[in-house]
Number of protein chains: 2
Amino acid sequence: MVRETQKEMRRQRTLDAAEALIRKTGTTEFSMQTLANKAKLSLATPYNLFGSKSAILYALLNRSLDEIAEGAEKAFAHPHPVQRVLRAAASSAAFFVSAPDFYRPLYRFLLGVGDTVHRPAYMERSLDYWKTALLGFVQQDLLPKEAGCEHLARQLVIQFVGALDLWVQEELDDIEFKAQISYGTGLLLLGVARIEDRELLLKHLGTLKRKLPRQSPFVRPPMTGNPPGPPSPGH
Amino acid sequence: MVRETQKEMRRQRTLDAAEALIRKTGTTEFSMQTLANKAKLSLATPYNLFGSKSAILYALLNRSLDEIAEGAEKAFAHPHPVQRVLRAAASSAAFFVSAPDFYRPLYRFLLGVGDTVHRPAYMERSLDYWKTALLGFVQQDLLPKEAGCEHLARQLVIQFVGALDLWVQEELDDIEFKAQISYGTGLLLLGVARIEDRELLLKHLGTLKRKLPRQSPFVRPPMTGNPPGPPSPGH
DNA sequence: GTAAAAGTTATAACCAATTATAAATAATTG
DNA sequence: CAATTATTTATAATTGGTTATAACTTTTAC
């Protein structure tokens with residue numbers, strides 16, 4: 001039992017070190033040697049404990065995500081089904097935006113990484129989050145049969161992931177990201193809400209318009225021929 | 001002028017070689033040396049022409065995406081605004097699914113890669129696609145003021161990117177991906193459509209339910225302790 | 001307490017992306 | 001055509017993720 005405990009401590013030390021390095025440098029580009037040193041371990045140990053750098057960072061994301069559900073408790077407590085979902089959306093968006101220099105690089109690294117252990121855990125967690133957010137609708141039996149809770153929840157996950165993707169790529173800034181999440185969530189609810197809630201939702205959407213990106217949130221490429229461009233930080 | 005032409009030919013040769021390698025092997029894990037050989041170039045040349053492996057693959061994606069707009073012409077010709085969007089969605093989803101062994105690895109590699117030239121081009125292209133799809137709504141002035149064409153188009157991009165992400169990670173199979181795109185698009189339209197179109201949309205959504213993932217599309221992690229797991233192909 | 005088992009450490013090696021450099025080559029200019 | 005210029009080529013060096021190996025240490029089982 002002692003052995004397992006110490007192993008767990010080494011694991012935590014590894015994650016702590018990774019978190020500290022990202023927060024300090026704003027990137028995930030530290031070497032495994034640096035990470036091992038910071039965690040006071042040998043180079044090989046993090047590999048033994050996690051398997052790869054990707055797995056370490058995924059585990060770190062999942063650990064950080066524990067806070068997201070806690071932060072949403074107030075939102076989940078709201079009596080109005082629509083407000084409950086809207087606030088859950090705002091809550092989780094605010095969570096990422098609260099530490100952009102940490103979540104941007106972390107998430108960016110993990111997008112596109114396949115991980116058979118941590119990614120499914122992350123996804124399941126996300127689905128549960130939105131199902132909980134939708135609980136008000138379910139309890140009051142408000143959802144049309146065409147949009148089951150499971151399906152709607154997955155759609156909310158998808159729109160969140162999509163918006164997160166743009167945010168991570170700096171195509172949305174913090175304000176725009178929060179607005180986009182609110183907007184997308186509201187729009188999806190608009191489709192399934194009762195008539196009497198549409199008023200509320202439309203007002204909600206109207207409020208957001210000025211925060212959403214203007215013409216185009218996208219940085220135009222410099223139209224000067226065909227530059228190789230500054231080689232982006234490769235993989 | 002000759003010089004520029006030959007340079008362009010080398011660029012195309014590079015992209016052709018990359019495409020061939022991905023299609024043959026199903027991954028983007030070929031080395032730059034392999035790529036250079038296949039393109040009959042020296043190792044340094046692709047770097048001179050594009051800047052990095054990421055930039056090459058991004059350029060390849062954008063080149064392939066030229067076909068997507070062509071493929072959607074029939075969809076864009078549909079007289080009914082709602083059908084026009086739904087078919088545009090189905091058309092682009094079908095496009096990716098038409099060559100999963102090519103687009104999955106390509107897209108997976110590019111998720112999380114920042115590129116100041118090709119990514120913005122990709123995004124702009126996507127936005128234009130959806131704005132074109134929404135043209136029927138705009139021309140008939142059907143959109144509520146709370147959901148401008150720009151905003152709705154961006155929301156459609158976001159939901160597409162999100163679903164694509166799940167598909168790339170194999171959390172959705174081909175059928176589920178197409179269904180999910182149709183579903184998400186329909187749900188977004190449901191919020192803004194006229195009363196008389198809701199009927200049509202609800203029927204559309206109802207049809208899809210059986211194709212969408214059941215309980216959970218997510219592979220559960222093997223609950224056997226804390227395995228390092230087979231080290232995933234690292235970055 | 002002691003031997004087996006598990007796991008860490010130190011170290012070296014391997015592979016691939018990227019960069020740097022000098023020599024070679026081919027287009028352009030006058 | 002000759003000189004200039006742009007660009008590729010060949011090659012080596014650098015960096016970082018990952019794997020392999022053997023020596024060493026600590027927990028565990030008897």
# chains A, B, ... in the order shown; residues from 1 in each chain; ligands from 1

call {"tool": "closest_atom_pairs", "arguments": {"of": "chain D", "to": "segment 21-28 of chain C", "cutoff": "10 Å", "atoms": "only C-alpha atoms (C1' of nucleotides)", "output": "tab-separated table"}}
result
residue	atom	partner	partner_atom	distance
D:DT4	C1'	C:DT28	C1'	8.2
D:DT5	C1'	C:DT28	C1'	7.6
D:DA6	C1'	C:DA27	C1'	8.1
D:DT7	C1'	C:DT25	C1'	8.7
D:DT8	C1'	C:DT25	C1'	7.7
D:DT9	C1'	C:DA24	C1'	7.4
D:DA10	C1'	C:DA23	C1'	8.5
D:DT11	C1'	C:DT21	C1'	8.8
D:DA12	C1'	C:DT21	C1'	8.9

call {"tool": "residues_around", "arguments": {"residues": "Val85 of chain A", "least_positions_apart": "3", "cutoff": "12 Å", "atoms": "only C-alpha atoms (C1' of nucleotides)", "output": "PyMOL selection string"}}
result
chain A and resi 72-82+88-92+129-138+152-153+156+181-190+193+201

call {"tool": "interface_residues", "arguments": {"of": "chain C", "to": "chain A", "cutoff": "9 Å", "atoms": "only C-alpha atoms (C1' of nucleotides)", "output": "PyMOL selection string"}}
result
chain C and resi 6-10+17-18

call {"tool": "atom_distance", "arguments": {"atom1": "atom CA of Gln83 of chain B", "atom2": "atom CA of Val161 of chain B"}}
result
21.0 Å

call {"tool": "select_by_dssp", "arguments": {"residues": "segment 6-224 of chain A", "states": "alpha helix (DSSP H)", "output": "PyMOL selection string"}}
result
chain A and resi 6-25+32-38+44-50+53-71+73-76+81-97+100-110+118-133+135-139+149-168+174-192+195-208

call {"tool": "interface_residues", "arguments": {"of": "chain A", "to": "chain B", "cutoff": "6 Å", "atoms": "only C-alpha atoms", "output": "list of chain:residue names"}}
result
A:Phe50, A:Gly51, A:Ser52, A:Arg108, A:Phe109, A:Leu111, A:Gly112, A:Val117, A:Pro120, A:Glu146, A:Ile158, A:Gln159, A:Val161, A:Gly162, A:Ala163, A:Leu187, A:Leu188, A:Leu190, A:Gly191, A:Leu205, A:Gly206, A:Phe218, A:Pro221, A:Pro228, A:Pro231, A:His235

call {"tool": "write_last_selection", "arguments": {"atoms": "N, CA and C atoms", "output": "PDB file, in the first residue's frame"}}
result
ATOM      1  N   PHE A  50       2.906   7.735 -16.739  1.00  0.00           N
ATOM      2  CA  PHE A  50       1.819   8.193 -17.621  1.00  0.00           C
ATOM      3  C   PHE A  50       1.891   7.616 -19.035  1.00  0.00           C
ATOM      4  N   GLY A  51       3.095   7.394 -19.517  1.00  0.00           N
ATOM      5  CA  GLY A  51       3.202   6.827 -20.852  1.00  0.00           C
ATOM      6  C   GLY A  51       3.744   7.785 -21.896  1.00  0.00           C
ATOM      7  N   SER A  52       3.379   9.065 -21.786  1.00  0.00           N
ATOM      8  CA  SER A  52       3.815  10.027 -22.795  1.00  0.00           C
ATOM      9  C   SER A  52       3.539  11.435 -22.292  1.00  0.00           C
ATOM     10  N   ARG A 108      -4.626  23.604 -26.618  1.00  0.00           N
ATOM     11  CA  ARG A 108      -4.095  23.589 -27.966  1.00  0.00           C
ATOM     12  C   ARG A 108      -3.232  22.358 -28.220  1.00  0.00           C
ATOM     13  N   PHE A 109      -2.439  22.046 -27.211  1.00  0.00           N
ATOM     14  CA  PHE A 109      -1.603  20.857 -27.341  1.00  0.00           C
ATOM     15  C   PHE A 109      -2.476  19.600 -27.478  1.00  0.00           C
ATOM     16  N   LEU A 111      -5.724  19.266 -28.427  1.00  0.00           N
ATOM     17  CA  LEU A 111      -6.548  19.129 -29.627  1.00  0.00           C
ATOM     18  C   LEU A 111      -5.773  18.271 -30.600  1.00  0.00           C
ATOM     19  N   GLY A 112      -6.380  17.314 -31.149  1.00  0.00           N
ATOM     20  CA  GLY A 112      -5.676  16.511 -32.134  1.00  0.00           C
ATOM     21  C   GLY A 112      -4.863  15.379 -31.560  1.00  0.00           C
ATOM     22  N   VAL A 117      -7.493   6.795 -22.859  1.00  0.00           N
ATOM     23  CA  VAL A 117      -7.910   6.809 -21.465  1.00  0.00           C
ATOM     24  C   VAL A 117      -8.482   8.163 -21.067  1.00  0.00           C
ATOM     25  N   PRO A 120     -11.615   9.953 -23.472  1.00  0.00           N
ATOM     26  CA  PRO A 120     -12.978   9.496 -23.177  1.00  0.00           C
ATOM     27  C   PRO A 120     -13.467   9.987 -21.823  1.00  0.00           C
ATOM     28  N   GLU A 146     -38.331  15.255 -30.418  1.00  0.00           N
ATOM     29  CA  GLU A 146     -37.299  15.249 -31.450  1.00  0.00           C
ATOM     30  C   GLU A 146     -35.920  15.596 -30.902  1.00  0.00           C
ATOM     31  N   ILE A 158     -20.703  19.707 -28.402  1.00  0.00           N
ATOM     32  CA  ILE A 158     -20.093  19.981 -29.702  1.00  0.00           C
ATOM     33  C   ILE A 158     -19.916  21.470 -29.930  1.00  0.00           C
ATOM     34  N   GLN A 159     -20.929  22.239 -29.596  1.00  0.00           N
ATOM     35  CA  GLN A 159     -20.780  23.671 -29.828  1.00  0.00           C
ATOM     36  C   GLN A 159     -19.743  24.245 -28.866  1.00  0.00           C
ATOM     37  N   VAL A 161     -17.056  22.644 -27.718  1.00  0.00           N
ATOM     38  CA  VAL A 161     -15.751  22.243 -28.265  1.00  0.00           C
ATOM     39  C   VAL A 161     -15.375  23.110 -29.470  1.00  0.00           C
ATOM     40  N   GLY A 162     -16.346  23.357 -30.324  1.00  0.00           N
ATOM     41  CA  GLY A 162     -16.073  24.171 -31.495  1.00  0.00           C
ATOM     42  C   GLY A 162     -15.646  25.579 -31.117  1.00  0.00           C
ATOM     43  N   ALA A 163     -16.377  26.184 -30.190  1.00  0.00           N
ATOM     44  CA  ALA A 163     -16.035  27.550 -29.783  1.00  0.00           C
ATOM     45  C   ALA A 163     -14.682  27.574 -29.074  1.00  0.00           C
ATOM     46  N   LEU A 187     -29.176  29.933 -28.746  1.00  0.00           N
ATOM     47  CA  LEU A 187     -29.751  29.599 -30.044  1.00  0.00           C
ATOM     48  C   LEU A 187     -30.262  28.158 -30.055  1.00  0.00           C
ATOM     49  N   LEU A 188     -29.488  27.267 -29.455  1.00  0.00           N
ATOM     50  CA  LEU A 188     -29.931  25.878 -29.410  1.00  0.00           C
ATOM     51  C   LEU A 188     -31.188  25.744 -28.544  1.00  0.00           C
ATOM     52  N   LEU A 190     -33.381  28.052 -28.037  1.00  0.00           N
ATOM     53  CA  LEU A 190     -34.478  28.717 -28.733  1.00  0.00           C
ATOM     54  C   LEU A 190     -35.293  27.721 -29.564  1.00  0.00           C
ATOM     55  N   GLY A 191     -34.604  26.763 -30.112  1.00  0.00           N
ATOM     56  CA  GLY A 191     -35.277  25.782 -30.939  1.00  0.00           C
ATOM     57  C   GLY A 191     -36.208  24.865 -30.161  1.00  0.00           C
ATOM     58  N   LEU A 205     -30.289  36.827 -26.531  1.00  0.00           N
ATOM     59  CA  LEU A 205     -29.486  36.857 -27.753  1.00  0.00           C
ATOM     60  C   LEU A 205     -29.236  38.290 -28.208  1.00  0.00           C
ATOM     61  N   GLY A 206     -30.280  39.103 -28.122  1.00  0.00           N
ATOM     62  CA  GLY A 206     -30.128  40.489 -28.535  1.00  0.00           C
ATOM     63  C   GLY A 206     -29.035  41.199 -27.751  1.00  0.00           C
ATOM     64  N   PHE A 218     -11.366  36.896 -37.891  1.00  0.00           N
ATOM     65  CA  PHE A 218     -10.215  36.164 -38.392  1.00  0.00           C
ATOM     66  C   PHE A 218      -9.168  37.113 -38.915  1.00  0.00           C
ATOM     67  N   PRO A 221      -4.706  36.834 -43.824  1.00  0.00           N
ATOM     68  CA  PRO A 221      -3.304  36.555 -44.151  1.00  0.00           C
ATOM     69  C   PRO A 221      -2.738  37.745 -44.901  1.00  0.00           C
ATOM     70  N   PRO A 228       6.629  31.798 -47.058  1.00  0.00           N
ATOM     71  CA  PRO A 228       6.748  30.626 -46.216  1.00  0.00           C
ATOM     72  C   PRO A 228       6.301  30.983 -44.806  1.00  0.00           C
ATOM     73  N   PRO A 231       8.172  30.098 -39.625  1.00  0.00           N
ATOM     74  CA  PRO A 231       7.836  28.704 -39.346  1.00  0.00           C
ATOM     75  C   PRO A 231       7.177  28.611 -37.988  1.00  0.00           C
ATOM     76  N   HIS A 235       5.546  20.489 -34.447  1.00  0.00           N
ATOM     77  CA  HIS A 235       5.187  19.477 -33.454  1.00  0.00           C
ATOM     78  C   HIS A 235       6.404  18.832 -32.837  1.00  0.00           C
TER      79      HIS A 235
END
